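Visitor: Structure file input16.tsv, TSV, C-alpha atoms, is pasted below:
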```tsv
chain	number	residue	atom	x	y	z
A	1	MET	CA	0.00	0.00	0.00
A	2	LYS	CA	1.37	3.36	-0.99
A	3	GLU	CA	2.30	5.59	1.95
A	4	GLN	CA	-0.08	8.52	2.34
A	5	THR	CA	1.53	11.92	1.82
A	6	TYR	CA	0.13	15.32	2.68
A	7	ARG	CA	-0.70	17.72	-0.13
A	8	THR	CA	-1.65	20.68	2.03
A	9	TYR	CA	-0.15	22.29	5.12
A	10	SER	CA	-2.32	24.38	7.39
A	11	THR	CA	0.05	27.34	7.79
A	12	TRP	CA	1.84	27.14	4.46
A	13	ASP	CA	0.90	29.66	1.76
A	14	GLU	CA	3.76	29.35	-0.73
A	15	ARG	CA	3.43	27.47	-4.02
A	16	ARG	CA	6.05	24.84	-3.27
A	17	VAL	CA	6.37	21.80	-1.05
A	18	PRO	CA	7.82	22.89	2.31
A	19	THR	CA	11.17	21.52	3.40
A	20	THR	CA	11.79	19.85	6.74
A	21	TYR	CA	13.22	23.17	7.94
A	22	ASP	CA	10.04	24.97	6.86
A	23	ILE	CA	7.81	22.54	8.73
A	24	ALA	CA	9.93	22.53	11.89
A	25	THR	CA	10.32	26.29	12.20
A	26	ARG	CA	7.22	27.88	10.71
A	27	ARG	CA	4.88	29.68	13.10
A	28	THR	CA	5.34	27.35	16.04
A	29	ASN	CA	5.71	30.04	18.70
A	30	PHE	CA	2.87	29.31	21.07
A	31	ASP	CA	1.83	32.94	21.37
A	32	ILE	CA	1.84	33.97	17.70
A	33	GLY	CA	-0.96	32.63	15.53
A	34	GLU	CA	-2.74	33.34	12.25
A	35	ASN	CA	-4.82	36.13	13.74
A	36	TYR	CA	-1.92	37.79	15.51
A	37	ALA	CA	-1.82	41.48	14.54
A	38	GLY	CA	1.50	42.34	16.15
A	39	GLU	CA	0.01	44.54	18.85
A	40	ALA	CA	-0.12	42.11	21.77
A	41	PRO	CA	0.90	38.50	22.34
A	42	ARG	CA	-1.79	35.91	21.57
A	43	LEU	CA	-1.57	34.05	24.86
A	44	SER	CA	-4.20	31.82	26.41
A	45	MET	CA	-4.43	34.19	29.33
A	46	SER	CA	-5.55	37.69	30.11
A	47	SER	CA	-3.64	40.50	28.42
A	48	ASP	CA	-3.08	42.13	31.81
A	49	THR	CA	-0.93	39.27	33.14
A	50	THR	CA	2.78	39.89	33.73
A	51	LEU	CA	3.88	37.56	30.91
A	52	SER	CA	1.57	39.20	28.37
A	53	GLN	CA	2.76	42.64	29.40
A	54	TRP	CA	6.38	41.51	29.15
A	55	TYR	CA	5.96	40.37	25.53
A	56	SER	CA	3.96	43.49	24.69
A	57	GLU	CA	6.67	45.78	26.01
A	58	TYR	CA	9.88	44.04	24.97
A	59	ARG	CA	8.93	42.20	21.77
A	60	GLU	CA	5.93	43.93	20.21
A	61	GLY	CA	7.16	47.22	21.64
A	62	SER	CA	10.75	46.76	20.48
A	63	VAL	CA	12.67	49.67	19.00
A	64	ILE	CA	13.08	47.70	15.76
A	65	LYS	CA	10.49	48.24	13.03
A	66	GLY	CA	8.56	45.39	11.43
A	67	ASN	CA	5.58	43.06	11.75
A	68	PRO	CA	5.37	39.32	12.55
A	69	LYS	CA	5.33	38.17	8.92
A	70	ASP	CA	8.44	40.23	8.22
A	71	PHE	CA	10.35	38.44	10.97
A	72	GLU	CA	8.96	34.99	10.21
A	73	SER	CA	10.25	35.21	6.66
A	74	TRP	CA	13.86	35.19	7.91
A	75	ARG	CA	15.53	31.84	7.30
A	76	ASP	CA	18.64	30.36	8.88
A	77	PRO	CA	21.32	30.40	6.13
A	78	ARG	CA	22.16	26.79	7.04
A	79	GLU	CA	18.54	25.77	7.66
A	80	LEU	CA	19.45	23.90	10.81
A	81	THR	CA	16.82	21.65	12.32
A	82	TYR	CA	17.09	19.72	15.56
A	83	GLU	CA	18.06	16.58	13.66
A	84	LYS	CA	20.69	18.30	11.53
A	85	TYR	CA	22.09	20.09	14.57
A	86	ASN	CA	22.46	16.83	16.51
A	87	ASP	CA	24.19	15.12	13.58
A	88	LEU	CA	26.60	18.04	13.30
A	89	MET	CA	27.36	18.14	17.02
A	90	ASP	CA	27.80	14.36	17.24
A	91	GLU	CA	30.58	14.68	14.69
A	92	ARG	CA	32.16	17.64	16.49
A	93	GLU	CA	31.97	15.96	19.90
A	94	VAL	CA	33.71	12.83	18.62
A	95	GLY	CA	36.59	15.03	17.50
A	96	ILE	CA	36.79	17.07	20.68
A	97	GLU	CA	36.52	14.00	22.92
A	98	THR	CA	39.48	12.48	21.10
A	99	LEU	CA	41.48	15.66	21.75
A	100	TYR	CA	40.69	15.53	25.47
A	101	GLU	CA	41.66	11.87	25.72
A	102	GLN	CA	44.93	12.52	23.91
A	103	ALA	CA	45.70	15.46	26.17
A	104	GLU	CA	45.08	13.42	29.30
A	105	VAL	CA	47.54	10.78	28.12
A	106	LEU	CA	50.20	13.01	26.56
A	107	GLU	CA	50.28	15.59	29.36
A	108	ARG	CA	50.30	13.05	32.17
A	109	GLY	CA	53.45	13.67	34.18
A	110	THR	CA	54.74	16.41	31.90
A	111	GLU	CA	53.19	19.44	33.63
A	112	ARG	CA	55.04	20.84	36.64
A	113	ASP	CA	53.45	22.31	39.72
A	114	ASP	CA	55.49	25.50	39.27
A	115	ASP	CA	54.70	25.87	35.56
A	116	PRO	CA	53.43	29.44	34.92
A	117	TRP	CA	51.20	28.04	32.17
A	118	LEU	CA	49.13	26.42	34.91
A	119	GLU	CA	48.71	29.82	36.55
A	120	PHE	CA	47.59	31.28	33.26
A	121	GLN	CA	44.91	28.61	32.87
A	122	LEU	CA	43.78	29.11	36.45
A	123	GLU	CA	43.45	32.89	36.26
A	124	GLY	CA	43.33	33.75	32.57
A	125	PHE	CA	41.40	30.92	30.92
A	126	LEU	CA	39.20	28.68	33.04
A	127	PRO	CA	37.13	31.50	34.63
A	128	LEU	CA	35.69	31.81	31.11
A	129	ARG	CA	33.00	29.32	32.03
A	130	TYR	CA	31.23	32.09	33.95
A	131	PRO	CA	30.91	34.60	31.09
A	132	VAL	CA	30.11	31.70	28.74
A	133	HIS	CA	27.26	30.83	31.08
A	134	GLY	CA	26.14	34.45	30.75
A	135	LEU	CA	26.20	34.12	26.96
A	136	GLN	CA	24.09	30.98	27.27
A	137	MET	CA	21.55	32.87	29.38
A	138	LEU	CA	21.44	35.68	26.82
A	139	ALA	CA	20.84	33.25	23.94
A	140	SER	CA	18.17	31.46	26.00
A	141	TYR	CA	16.38	34.75	26.63
A	142	LEU	CA	16.43	35.51	22.91
A	143	THR	CA	15.01	32.05	22.26
A	144	MET	CA	12.05	33.01	24.42
A	145	VAL	CA	11.50	36.58	23.29
A	146	ALA	CA	12.46	36.55	19.58
A	147	PRO	CA	9.61	37.64	17.29
A	148	SER	CA	9.67	34.57	15.05
A	149	THR	CA	10.13	30.83	15.35
A	150	THR	CA	13.01	30.89	12.89
A	151	ILE	CA	15.04	33.31	15.02
A	152	SER	CA	14.05	31.50	18.23
A	153	THR	CA	15.28	28.20	16.76
A	154	ALA	CA	18.65	29.67	15.78
A	155	MET	CA	19.05	31.16	19.25
A	156	SER	CA	18.22	27.84	20.92
A	157	PHE	CA	21.06	26.18	19.02
A	158	GLN	CA	23.37	29.03	20.02
A	159	ALA	CA	22.44	28.55	23.68
A	160	THR	CA	23.22	24.84	23.35
A	161	ASP	CA	26.61	25.65	21.84
A	162	GLU	CA	27.41	27.82	24.85
A	163	ILE	CA	26.50	24.95	27.19
A	164	ARG	CA	28.93	22.78	25.22
A	165	ARG	CA	31.69	25.31	25.87
A	166	GLN	CA	30.86	25.47	29.58
A	167	GLU	CA	31.03	21.71	29.90
A	168	ARG	CA	34.42	21.48	28.21
A	169	LEU	CA	35.89	24.29	30.29
A	170	ALA	CA	34.63	22.58	33.44
A	171	ARG	CA	36.13	19.29	32.32
A	172	ARG	CA	39.51	20.92	31.73
A	173	ALA	CA	39.38	22.41	35.23
A	174	ALA	CA	38.53	18.97	36.65
A	175	GLN	CA	41.49	17.43	34.78
A	176	LEU	CA	43.87	19.95	36.28
A	177	GLU	CA	42.31	19.68	39.74
A	178	LYS	CA	42.96	15.95	39.67
A	179	ALA	CA	46.58	16.45	38.61
A	180	PHE	CA	47.25	19.43	40.90
A	181	PRO	CA	44.81	19.26	43.83
A	182	ASP	CA	46.53	22.08	45.73
A	183	LYS	CA	46.39	24.72	42.99
A	184	GLY	CA	42.72	25.65	43.41
A	185	PHE	CA	41.33	24.42	40.10
A	186	THR	CA	37.48	24.14	40.18
A	187	GLU	CA	37.47	26.15	43.43
A	188	THR	CA	38.92	29.62	42.74
A	189	GLU	CA	37.67	30.46	39.25
A	190	ARG	CA	34.47	32.08	40.51
A	191	GLU	CA	36.43	34.33	42.89
A	192	THR	CA	38.69	35.30	39.99
A	193	TRP	CA	35.66	36.08	37.82
A	194	GLU	CA	34.10	38.25	40.51
A	195	ASN	CA	37.19	40.06	41.79
A	196	ASN	CA	40.16	39.89	39.43
A	197	GLU	CA	40.65	43.26	37.73
A	198	MET	CA	41.14	41.75	34.27
A	199	TRP	CA	37.69	40.15	34.27
A	200	GLN	CA	35.60	43.02	35.63
A	201	PRO	CA	34.91	44.92	32.37
A	202	LEU	CA	33.65	41.67	30.82
A	203	ARG	CA	31.53	40.96	33.88
A	204	GLU	CA	30.03	44.44	33.59
A	205	ALA	CA	29.19	43.90	29.91
A	206	ILE	CA	27.57	40.51	30.54
A	207	GLU	CA	25.55	41.68	33.52
A	208	ARG	CA	24.33	44.81	31.77
A	209	LEU	CA	23.26	42.81	28.72
A	210	LEU	CA	21.38	40.40	30.97
A	211	VAL	CA	19.03	43.24	31.92
A	212	GLU	CA	18.61	44.50	28.35
A	213	TYR	CA	15.11	43.13	27.76
A	214	ASP	CA	14.11	44.65	24.41
A	215	TRP	CA	14.60	41.73	22.00
A	216	ALA	CA	16.34	43.74	19.28
A	217	ARG	CA	18.61	45.64	21.67
A	218	SER	CA	19.52	42.36	23.37
A	219	PHE	CA	20.17	40.66	20.03
A	220	VAL	CA	22.35	43.43	18.62
A	221	GLY	CA	24.24	44.00	21.88
A	222	THR	CA	24.93	40.28	22.25
A	223	ASN	CA	25.32	38.94	18.72
A	224	LEU	CA	26.52	41.97	16.81
A	225	VAL	CA	28.81	43.52	19.44
A	226	LEU	CA	29.91	41.40	22.41
A	227	LYS	CA	30.11	37.93	20.88
A	228	PRO	CA	32.05	38.83	17.71
A	229	LEU	CA	34.63	40.68	19.80
A	230	LEU	CA	34.88	38.12	22.60
A	231	ASP	CA	34.80	35.04	20.37
A	232	GLU	CA	37.59	36.46	18.23
A	233	LEU	CA	39.65	37.08	21.38
A	234	VAL	CA	39.05	33.74	23.06
A	235	LEU	CA	38.63	31.31	20.17
A	236	ALA	CA	41.04	32.78	17.61
A	237	GLN	CA	43.68	34.71	19.56
A	238	TYR	CA	43.73	32.37	22.57
A	239	SER	CA	44.14	29.46	20.17
A	240	THR	CA	47.31	31.08	18.83
A	241	LEU	CA	48.48	31.73	22.40
A	242	PHE	CA	47.91	28.10	23.37
A	243	ASP	CA	49.85	26.95	20.31
A	244	ALA	CA	52.76	29.23	21.22
A	245	ASN	CA	52.84	27.71	24.71
A	246	ASP	CA	53.00	24.09	23.47
A	247	SER	CA	49.36	23.36	24.24
A	248	GLU	CA	48.46	22.39	20.68
A	249	LEU	CA	45.67	19.97	21.60
A	250	TYR	CA	43.70	22.59	23.51
A	251	ALA	CA	44.39	25.07	20.72
A	252	GLN	CA	42.52	22.61	18.50
A	253	VAL	CA	39.69	22.49	21.05
A	254	LEU	CA	39.31	26.26	20.74
A	255	GLU	CA	39.38	25.96	16.96
A	256	ASN	CA	36.58	23.39	17.25
A	257	PHE	CA	34.51	25.91	19.20
A	258	TYR	CA	35.32	28.59	16.62
A	259	LEU	CA	33.23	26.66	14.10
A	260	ASP	CA	30.21	27.24	16.34
A	261	ALA	CA	31.08	30.92	16.73
A	262	ASP	CA	31.39	31.28	12.98
A	263	ARG	CA	27.82	29.99	12.62
A	264	HIS	CA	26.60	32.40	15.31
A	265	CYS	CA	28.24	35.27	13.44
A	266	GLU	CA	26.64	34.15	10.19
A	267	VAL	CA	23.21	34.12	11.85
A	268	ALA	CA	23.80	37.55	13.39
A	269	ALA	CA	24.84	39.00	10.03
A	270	SER	CA	21.87	37.39	8.26
A	271	VAL	CA	19.29	38.61	10.81
A	272	THR	CA	20.83	42.10	10.68
A	273	GLU	CA	20.60	42.19	6.90
A	274	HIS	CA	17.01	40.96	7.05
A	275	LEU	CA	15.98	43.65	9.54
A	276	ILE	CA	17.46	46.31	7.28
A	277	GLN	CA	15.60	44.86	4.28
A	278	VAL	CA	12.35	44.94	6.26
A	279	ASP	CA	12.74	48.67	6.90
A	280	GLU	CA	15.71	50.84	5.96
A	281	GLU	CA	15.16	52.86	9.14
A	282	ASN	CA	16.30	49.79	11.09
A	283	ARG	CA	19.86	50.42	9.89
A	284	LYS	CA	20.09	53.59	11.96
A	285	ILE	CA	18.39	51.90	14.92
A	286	ILE	CA	20.91	49.05	14.78
A	287	GLN	CA	23.80	51.51	14.42
A	288	ASP	CA	22.58	53.40	17.49
A	289	ILE	CA	22.54	50.16	19.51
A	290	VAL	CA	26.04	49.28	18.27
A	291	ASP	CA	27.24	52.77	19.22
A	292	GLU	CA	25.89	52.29	22.74
A	293	TRP	CA	27.30	48.82	23.39
A	294	TYR	CA	30.60	48.96	21.52
A	295	PRO	CA	32.58	51.00	24.11
A	296	ILE	CA	31.44	48.70	26.93
A	297	CYS	CA	32.22	45.49	25.05
A	298	HIS	CA	35.46	46.71	23.49
A	299	ARG	CA	36.69	47.76	26.93
A	300	ALA	CA	35.92	44.21	28.13
A	301	VAL	CA	38.20	42.77	25.45
A	302	GLU	CA	40.94	45.39	25.96
A	303	ALA	CA	41.18	44.36	29.62
A	304	PHE	CA	42.71	41.02	28.58
A	305	GLU	CA	46.12	42.55	27.86
A	306	PRO	CA	47.73	40.71	30.85
A	307	ALA	CA	46.54	37.38	29.45
A	308	PHE	CA	48.79	37.91	26.44
A	309	GLU	CA	51.66	40.06	27.66
A	310	SER	CA	52.42	39.09	31.25
A	311	MET	CA	50.61	35.93	32.42
A	312	PRO	CA	51.71	33.18	29.98
A	313	PRO	CA	55.29	31.90	29.66
A	314	VAL	CA	55.38	32.74	25.93
A	315	THR	CA	53.72	36.10	25.37
A	316	MET	CA	52.09	37.79	22.38
A	317	SER	CA	51.88	41.43	21.35
A	318	PHE	CA	48.48	42.59	22.55
A	319	GLU	CA	48.59	45.50	20.14
A	320	GLU	CA	48.71	43.00	17.28
A	321	VAL	CA	45.98	40.90	18.91
A	322	MET	CA	43.65	43.89	19.12
A	323	ALA	CA	44.48	44.94	15.56
A	324	ASP	CA	43.33	41.53	14.31
A	325	ILE	CA	40.16	41.65	16.42
A	326	ASP	CA	39.32	45.19	15.31
A	327	SER	CA	39.92	44.37	11.65
A	328	SER	CA	37.64	41.34	11.80
A	329	TYR	CA	34.92	43.30	13.58
A	330	GLU	CA	35.09	46.21	11.16
A	331	SER	CA	34.61	43.79	8.25
A	332	LEU	CA	31.51	42.37	9.93
A	333	LEU	CA	29.88	45.80	10.33
A	334	THR	CA	30.85	47.39	7.02
A	335	ALA	CA	29.32	44.46	5.14
A	336	HIS	CA	25.93	45.80	6.28
A	337	GLY	CA	26.55	49.50	5.88
A	338	LEU	CA	27.32	49.90	9.58
A	339	SER	CA	30.41	51.47	11.09
A	340	VAL	CA	32.63	50.98	14.11
A	341	PRO	CA	32.06	53.81	16.57
A	342	SER	CA	35.01	56.20	16.75
```
Here is the file; what I need is its structure written in the form of structure tokens.
Guide:
Amino acid sequence: MKEQTYRTYSTWDERRVPTTYDIATRRTNFDIGENYAGEAPRLSMSSDTTLSQWYSEYREGSVIKGNPKDFESWRDPRELTYEKYNDLMDEREVGIETLYEQAEVLERGTERDDDPWLEFQLEGFLPLRYPVHGLQMLASYLTMVAPSTTISTAMSFQATDEIRRQERLARRAAQLEKAFPDKGFTETERETWENNEMWQPLREAIERLLVEYDWARSFVGTNLVLKPLLDELVLAQYSTLFDANDSELYAQVLENFYLDADRHCEVAASVTEHLIQVDEENRKIIQDIVDEWYPICHRAVEAFEPAFESMPPVTMSFEEVMADIDSSYESLLTAHGLSVPS
């Protein structure tokens, strides 16, 4: 008996058969339906409840211009679905797990208790799991408050990527705690994050973004300002620093994470371009948000000078590091007619 196939789809109005991505991401937000006019969330509760008011103020009332259909028409450039994402991450995790196993074997007995590279990891690297957790919270918030299912889906995958980074940083700390139980690994990183001078500008940026509730302001501040700058610092420049200090395996771990960050940047650029296509006035709105957040986020990255010039055994010129970061960031903005604030 021939398998029955559907010829119609209840929410599909294009003259083509929808793809798996279309079906999985089209109009599945529980509070946006066919009759949604864009003025208030279509929740199964009174419009005067706190949740309804929250959506009305920070999503429907966002500074960005557009209506629900405009946002829903955005598509992930890679059309990631849950199944495709899991297949991709399974492959990545096999590779990264191999790197961790090799490192545990090859570094066993080779690291010394007085090695300054251990101090660098303790104070300049492993506290990263706290800001990464902040990035995960930001992506999770955007998953909830984004104005379309397609953007929400992309943000949910980004949040999952950040969890992956947290887990691997925690595992590295546990490895070193086992090898050097008296150094403070797994125990002192939070204190470093909260009190060490180098980390405070980044902590300020993360905490201020966590209370930026307007969906567009949160998206631009996170994905178009902080993440491109921070990911370039940590995943590209730190990778070079690790290589220079004979930690090639963990340099490859960071390069593995960079593949995720590259996808996040692609999504950010694509959403930005879409918002500008929806309404040209959005370009100025986005530029204004960039202008506001850039000094805060750039200062957070600039504070990492000690991590390159004084903390590791083999140092790097931080002036050259920042030049690379700034060049990469300028290319990202100028591609959309935006500019780096002076």
Visitor: Pull the closest atom pair for each residue of range 180-258 of chain A that gets at most 12 Å from range 121-130 of chain A, along with the distance in Å to one decimal, counting only C-alpha atoms, ordering rows by chain and then ascending residue number, as a tab-separated table.
Guide:
```
residue	atom	partner	partner_atom	distance
A:Phe180	CA	A:Leu122	CA	11.2
A:Asp182	CA	A:Leu122	CA	12.0
A:Lys183	CA	A:Leu122	CA	8.3
A:Gly184	CA	A:Leu122	CA	7.8
A:Phe185	CA	A:Leu122	CA	6.4
A:Thr186	CA	A:Leu126	CA	8.6
A:Glu187	CA	A:Leu122	CA	9.9
A:Thr188	CA	A:Leu122	CA	8.0
A:Glu189	CA	A:Pro127	CA	4.8
A:Arg190	CA	A:Pro127	CA	6.5
A:Glu191	CA	A:Pro127	CA	8.8
A:Thr192	CA	A:Glu123	CA	6.5
A:Trp193	CA	A:Pro127	CA	5.8
A:Glu194	CA	A:Tyr130	CA	9.4
A:Asn195	CA	A:Glu123	CA	11.0
A:Asn196	CA	A:Glu123	CA	8.4
A:Glu197	CA	A:Glu123	CA	10.8
A:Met198	CA	A:Gly124	CA	8.5
A:Trp199	CA	A:Pro127	CA	8.7
A:Gln200	CA	A:Pro127	CA	11.7
A:Leu202	CA	A:Leu128	CA	10.1
A:Arg203	CA	A:Tyr130	CA	8.9
A:Ile206	CA	A:Tyr130	CA	9.8
A:Glu207	CA	A:Tyr130	CA	11.2
A:Leu230	CA	A:Leu128	CA	10.6
A:Asp231	CA	A:Leu128	CA	11.3
A:Leu233	CA	A:Phe125	CA	11.5
A:Val234	CA	A:Phe125	CA	8.7
A:Leu235	CA	A:Phe125	CA	11.1
A:Tyr238	CA	A:Phe125	CA	8.8
A:Ser239	CA	A:Phe125	CA	11.2
A:Leu241	CA	A:Phe125	CA	11.1
A:Phe242	CA	A:Gln121	CA	10.0
A:Asn245	CA	A:Gln121	CA	11.4
A:Ser247	CA	A:Gln121	CA	11.0
A:Tyr250	CA	A:Gln121	CA	11.2
A:Leu254	CA	A:Phe125	CA	11.4
```
Visitor: Just want the 8 Å neighbourhood of Glu273 in chain A, counted on only C-alpha atoms, with same-chain residues fewer than 4 positions away dropped. Output as a PyMOL selection string.
Guide: chain A and resi 269+277+336
Visitor: Residues of range 135-218 of chain A that have any atom at most 10 Å from an atom of range 57-71 of chain A: could you tabulate them with the shortest-distance atom pair and the distance in Å to one decimal, using only C-alpha atoms, ordered by chain and increasing number, as CSV?
Guide:
```
residue,atom,partner,partner_atom,distance
A:Val145,CA,A:Arg59,CA,6.4
A:Ala146,CA,A:Arg59,CA,7.0
A:Pro147,CA,A:Phe71,CA,6.4
A:Ser148,CA,A:Phe71,CA,5.7
A:Thr149,CA,A:Phe71,CA,8.8
A:Thr150,CA,A:Phe71,CA,8.2
A:Ile151,CA,A:Phe71,CA,8.0
A:Glu212,CA,A:Tyr58,CA,9.4
A:Tyr213,CA,A:Tyr58,CA,6.0
A:Asp214,CA,A:Tyr58,CA,4.3
A:Trp215,CA,A:Arg59,CA,5.7
A:Ala216,CA,A:Ile64,CA,6.2
A:Arg217,CA,A:Val63,CA,7.7
A:Ser218,CA,A:Tyr58,CA,9.9
```
Visitor: Rounded to one decimal, what separation in Å do you get between CA of Leu333 in chain A and CA of Asp279 in chain A?
Guide: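 Taking CA of Leu333 in chain A as the start and CA of Asp279 in chain A as the end point, the length is 17.7 Å.
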Visitor: Give the centre and edge lengths of an axis-aligned box, in Å to one decimal, that holds all listed atoms of range 257-262 of chain A with 8 Å on each side, as AutoDock Vina command-line options.
Guide:
```
--center_x 32.8 --center_y 28.6 --center_z 16.1 --size_x 21.1 --size_y 21.4 --size_z 22.2
```
Visitor: Taking all atoms listed in the file into account, name the residue in A:Pro341, A:Thr222, A:Leu88, A:Val314 that is nearest to Gln287 in chain A.
Guide: A:Pro341
Visitor: For CA of Arg172 in chain A and CA of Ala244 in chain A, determine how far apart the two atoms are, in Å to one decimal place.
Guide: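 We find that CA of Arg172 in chain A and CA of Ala244 in chain A lie 18.8 Å from each other.
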Visitor: I want to know what sits within 9 Å of Ala159 in chain A, based on all atoms listed in the file, with residues of the same chain fewer than 4 positions away left out; could you give that as number ranges by chain?
Guide: A: 135-140, 143, 154-155, 163-164
Visitor: Restricting the calculation to only C-alpha atoms: of A:Ser52, A:Ser339, A:Gln237, A:Thr334, which residue gets closest to Ala307 in chain A?
Guide: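 Checking each of A:Ser52, A:Ser339, A:Gln237, A:Thr334 against Ala307 in chain A, counting only C-alpha atoms, the winner is A:Gln237.
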Visitor: Measure the distance from CA of Met89 in chain A to CA of Leu210 in chain A in Å and round it to one decimal.
Guide: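 CA of Leu210 in chain A lies at a distance of 26.9 Å from CA of Met89 in chain A.
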Visitor: Report as JSON lines the residues of range 221-287 of chain A within 10 Å of range 90-107 of chain A, each with its shortest atom pair and distance in Å (one decimal), using only C-alpha atoms, ordered by chain and increasing residue number.
Guide:
```
{"residue": "A:Ser247", "atom": "CA", "partner": "A:Ala103", "partner_atom": "CA", "distance": 8.9}
{"residue": "A:Glu248", "atom": "CA", "partner": "A:Ala103", "partner_atom": "CA", "distance": 9.3}
{"residue": "A:Leu249", "atom": "CA", "partner": "A:Leu99", "partner_atom": "CA", "distance": 6.0}
{"residue": "A:Tyr250", "atom": "CA", "partner": "A:Leu99", "partner_atom": "CA", "distance": 7.5}
{"residue": "A:Ala251", "atom": "CA", "partner": "A:Leu99", "partner_atom": "CA", "distance": 9.9}
{"residue": "A:Gln252", "atom": "CA", "partner": "A:Leu99", "partner_atom": "CA", "distance": 7.7}
{"residue": "A:Val253", "atom": "CA", "partner": "A:Ile96", "partner_atom": "CA", "distance": 6.2}
{"residue": "A:Leu254", "atom": "CA", "partner": "A:Ile96", "partner_atom": "CA", "distance": 9.5}
{"residue": "A:Glu255", "atom": "CA", "partner": "A:Ile96", "partner_atom": "CA", "distance": 10.0}
{"residue": "A:Asn256", "atom": "CA", "partner": "A:Ile96", "partner_atom": "CA", "distance": 7.2}
{"residue": "A:Phe257", "atom": "CA", "partner": "A:Arg92", "partner_atom": "CA", "distance": 9.0}
{"residue": "A:Leu259", "atom": "CA", "partner": "A:Arg92", "partner_atom": "CA", "distance": 9.4}
{"residue": "A:Asp260", "atom": "CA", "partner": "A:Arg92", "partner_atom": "CA", "distance": 9.8}
```
Visitor: Find, counting only C-alpha atoms, the residue in A:Asp115, A:Glu204, A:Asp22, A:Asp76 that gets nearest to Ile296 in chain A.
Guide: A:Glu204
